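To start, the structure itself, in structure tokens.
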Amino acid sequence: MPSPKCKICKTPLVGRAGKIFCSIICKNSYHSKLRRHTDKQAYGIDRHLHRNRSILLEVLTSKQSKVKVPRIVLEEKRFHWKYHTHFHINSSGKMMHYIYDTGWMEFSDDEVLIVRNQPDA
């Protein structure tokens, strides 16, 4: 049976059976590359999420906890409908999409309800 090799530099491994890297340098290098790739992918999505939340909060003034607006208002501000953090289906089967604490529900092709959950005091 051939000796296992380091994932990064392919040096034969010496030591415990489950070892993957030959040194802390190779281990750090591997995880740094992995994190860099993940961060690059997540950055674009995170930008869309933050922009969408800002648009919703702009439409929903600070004094309101919910408001119904024409869909075109969000589209003109270049809202990206496919980016949200989670969703909830209410008792009547309608889906509420959320971006963190702020959500929206499509009533029809023309109207959207925007809601902001207030934190518990």
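Letters for chains follow the order of the structure tokens (A, B, ...), residue numbers begin at 1 for each chain, and ligand numbers begin at 1 in the order shown.
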Quiz prompt | Nearby residues (only C-alpha atoms) at most 12 Å from A:Arg78, same-chain spacing under 2 positions excluded, as a PyMOL selection string | solution = chain A and resi 48+51-56+71-76+80-82
Self-check item: Filtered DSSP result for chain A, state strand (DSSP E or B), as a count of residues only
Solution: 27
Quiz item: Which of chain A counts as alpha helix (DSSP H) under DSSP, as a ChimeraX atom specification please?
Solution: /A:24-59,71-76
Dump of N, CA and C atoms for the selected residues, as a short mmCIF file (atom, residue, chain, number, x, y, z; two decimals), in the first residue's frame:
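Result saved to out33.cif:
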data_model
loop_
_atom_site.label_atom_id
_atom_site.label_comp_id
_atom_site.auth_asym_id
_atom_site.auth_seq_id
_atom_site.Cartn_x
_atom_site.Cartn_y
_atom_site.Cartn_z
N ILE A 24 2.10 22.70 8.98
CA ILE A 24 1.13 23.76 9.21
C ILE A 24 1.12 24.74 8.03
N ILE A 25 2.23 24.89 7.35
CA ILE A 25 2.32 25.78 6.18
C ILE A 25 1.41 25.27 5.07
N CYS A 26 1.48 23.97 4.78
CA CYS A 26 0.61 23.39 3.74
C CYS A 26 -0.86 23.46 4.15
N LYS A 27 -1.14 23.21 5.43
CA LYS A 27 -2.51 23.27 5.93
C LYS A 27 -3.07 24.69 5.78
N ASN A 28 -2.31 25.69 6.20
CA ASN A 28 -2.74 27.08 6.08
C ASN A 28 -2.92 27.50 4.63
N SER A 29 -2.01 27.05 3.77
CA SER A 29 -2.10 27.37 2.34
C SER A 29 -3.40 26.82 1.74
N TYR A 30 -3.71 25.59 2.07
CA TYR A 30 -4.92 24.95 1.56
C TYR A 30 -6.17 25.73 2.00
N HIS A 31 -6.25 26.03 3.30
CA HIS A 31 -7.43 26.71 3.82
C HIS A 31 -7.52 28.16 3.34
N SER A 32 -6.39 28.82 3.13
CA SER A 32 -6.39 30.19 2.60
C SER A 32 -6.95 30.21 1.19
N LYS A 33 -6.53 29.27 0.35
CA LYS A 33 -7.04 29.20 -1.03
C LYS A 33 -8.54 28.90 -1.03
N LEU A 34 -8.95 28.01 -0.17
CA LEU A 34 -10.36 27.64 -0.07
C LEU A 34 -11.20 28.85 0.37
N ARG A 35 -10.73 29.57 1.38
CA ARG A 35 -11.44 30.74 1.88
C ARG A 35 -11.48 31.86 0.83
N ARG A 36 -10.38 32.04 0.12
CA ARG A 36 -10.33 33.08 -0.92
C ARG A 36 -11.36 32.79 -2.00
N HIS A 37 -11.47 31.53 -2.42
CA HIS A 37 -12.45 31.15 -3.45
C HIS A 37 -13.88 31.36 -2.92
N THR A 38 -14.14 30.94 -1.69
CA THR A 38 -15.47 31.11 -1.09
C THR A 38 -15.82 32.58 -0.95
N ASP A 39 -14.88 33.38 -0.46
CA ASP A 39 -15.13 34.81 -0.29
C ASP A 39 -15.46 35.48 -1.62
N LYS A 40 -14.75 35.08 -2.68
CA LYS A 40 -14.99 35.67 -4.00
C LYS A 40 -16.40 35.37 -4.48
N GLN A 41 -16.86 34.13 -4.28
CA GLN A 41 -18.21 33.75 -4.68
C GLN A 41 -19.26 34.45 -3.84
N ALA A 42 -19.03 34.52 -2.54
CA ALA A 42 -20.02 35.09 -1.62
C ALA A 42 -20.11 36.61 -1.74
N TYR A 43 -19.04 37.27 -2.14
CA TYR A 43 -19.03 38.73 -2.19
C TYR A 43 -20.13 39.28 -3.10
N GLY A 44 -20.26 38.72 -4.29
CA GLY A 44 -21.28 39.20 -5.25
C GLY A 44 -22.69 38.99 -4.73
N ILE A 45 -22.93 37.83 -4.14
CA ILE A 45 -24.26 37.53 -3.59
C ILE A 45 -24.55 38.46 -2.42
N ASP A 46 -23.57 38.65 -1.56
CA ASP A 46 -23.74 39.52 -0.40
C ASP A 46 -24.03 40.96 -0.84
N ARG A 47 -23.39 41.41 -1.90
CA ARG A 47 -23.66 42.75 -2.42
C ARG A 47 -25.11 42.90 -2.87
N HIS A 48 -25.63 41.88 -3.57
CA HIS A 48 -27.03 41.90 -4.01
C HIS A 48 -27.98 41.91 -2.80
N LEU A 49 -27.67 41.10 -1.78
CA LEU A 49 -28.52 41.05 -0.60
C LEU A 49 -28.56 42.41 0.10
N HIS A 50 -27.42 43.02 0.28
CA HIS A 50 -27.38 44.32 0.96
C HIS A 50 -28.08 45.40 0.14
N ARG A 51 -27.88 45.36 -1.17
CA ARG A 51 -28.55 46.35 -2.03
C ARG A 51 -30.06 46.16 -1.98
N ASN A 52 -30.53 44.92 -2.07
CA ASN A 52 -31.96 44.64 -2.00
C ASN A 52 -32.55 45.12 -0.67
N ARG A 53 -31.86 44.85 0.42
CA ARG A 53 -32.35 45.28 1.73
C ARG A 53 -32.42 46.80 1.80
N SER A 54 -31.42 47.47 1.26
CA SER A 54 -31.41 48.94 1.24
C SER A 54 -32.59 49.48 0.44
N ILE A 55 -32.89 48.86 -0.67
CA ILE A 55 -34.02 49.29 -1.50
C ILE A 55 -35.33 49.12 -0.72
N LEU A 56 -35.49 47.97 -0.07
CA LEU A 56 -36.72 47.74 0.71
C LEU A 56 -36.86 48.75 1.84
N LEU A 57 -35.76 49.04 2.53
CA LEU A 57 -35.81 50.00 3.64
C LEU A 57 -36.04 51.43 3.14
N GLU A 58 -35.56 51.71 1.94
CA GLU A 58 -35.78 53.04 1.35
C GLU A 58 -37.27 53.25 1.07
N VAL A 59 -37.91 52.20 0.55
CA VAL A 59 -39.34 52.28 0.24
C VAL A 59 -40.17 52.26 1.53
N ARG A 71 -45.23 47.02 -7.91
CA ARG A 71 -44.03 46.23 -8.23
C ARG A 71 -43.02 47.07 -9.02
N ILE A 72 -43.50 47.95 -9.86
CA ILE A 72 -42.63 48.77 -10.72
C ILE A 72 -41.69 49.64 -9.90
N VAL A 73 -42.11 50.03 -8.67
CA VAL A 73 -41.26 50.86 -7.81
C VAL A 73 -39.95 50.13 -7.51
N LEU A 74 -40.05 48.84 -7.17
CA LEU A 74 -38.86 48.05 -6.88
C LEU A 74 -38.06 47.76 -8.15
N GLU A 75 -38.75 47.50 -9.24
CA GLU A 75 -38.06 47.21 -10.50
C GLU A 75 -37.27 48.42 -11.01
N GLU A 76 -37.81 49.61 -10.83
CA GLU A 76 -37.11 50.82 -11.26
C GLU A 76 -35.83 51.05 -10.45
#
Self-check item: Contacts of A:Cys22 at 7 Å (only C-alpha atoms; same-chain gap of 2+ positions) as a PyMOL selection string
Solution: chain A and resi 6+11+13+20+26
Residues as selected, C-alpha atoms, written as a PDB file, in the first residue's frame, can you do that?
ATOM      1  CA  CYS A   6       0.345  15.774   1.478  1.00  0.00           C
ATOM      2  CA  THR A  11       5.437  14.940   0.325  1.00  0.00           C
ATOM      3  CA  LEU A  13       3.203  11.828   5.243  1.00  0.00           C
ATOM      4  CA  ILE A  20      -3.696  15.122   5.323  1.00  0.00           C
ATOM      5  CA  CYS A  26       0.611  23.389   3.742  1.00  0.00           C
TER       6      CYS A  26
END
Name all residues at most 12 Å from A:Ser108 (count only C-alpha atoms; drop same-chain ones fewer than 5 positions away) and give them as a compact mmCIF listing (two decimals) with C-alpha atoms, in the first residue's frame.
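As written to disk, result.txt reads:
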# COMPACT_ATOMS: atom_id res chain seq x y z
CA LYS A 68 -47.96 47.91 -0.11
CA VAL A 69 -46.27 49.34 -3.23
CA PRO A 70 -46.53 48.82 -6.98
CA ARG A 71 -44.03 46.23 -8.23
CA ILE A 72 -42.63 48.77 -10.72
CA LYS A 94 -48.51 32.79 0.39
CA LEU A 113 -46.17 44.00 0.39
Self-check item: All residues 10 Å or closer to A:Pro4, only C-alpha atoms, same chain fewer than 6 positions away omitted, as a ChimeraX atom specification
Solution: /A:10-14,17-21
Quiz prompt | Within 8 Å of A:Val115 using only C-alpha atoms, minus same-chain residues under 4 positions, as a list in words | solution =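 Skipping anything fewer than 4 positions along the chain leaves Leu60, Ser65, Lys66, Val67, Thr102, Gly103 and Trp104 of chain A.
The gap separating atom CA of A:Thr61 from atom CA of A:Ile89 is 25.0 Å, in Å to one decimal.
Atom CA of A:Thr85 is found 7.8 Å from atom CA of A:His97.
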Practice problem: Quote the spacing between atom CA of A:Arg116 and atom CA of A:Ile99 in Å to one decimal place. | Solution: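 A separation of 9.7 Å between them.
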Exercise. Considering only C-alpha atoms, return as a PyMOL selection string whatever protein or nucleic-acid residues lie within 10 Å of A:Met95, sequence-local ones (same chain, fewer than 5 positions apart) excluded.
Key: chain A and resi 87-90+104-107
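With distances restricted to only C-alpha atoms, A:Tyr100 is the closest residue to A:Tyr83 from A:Lys5, A:Tyr100, A:Ser23, A:Asp110.
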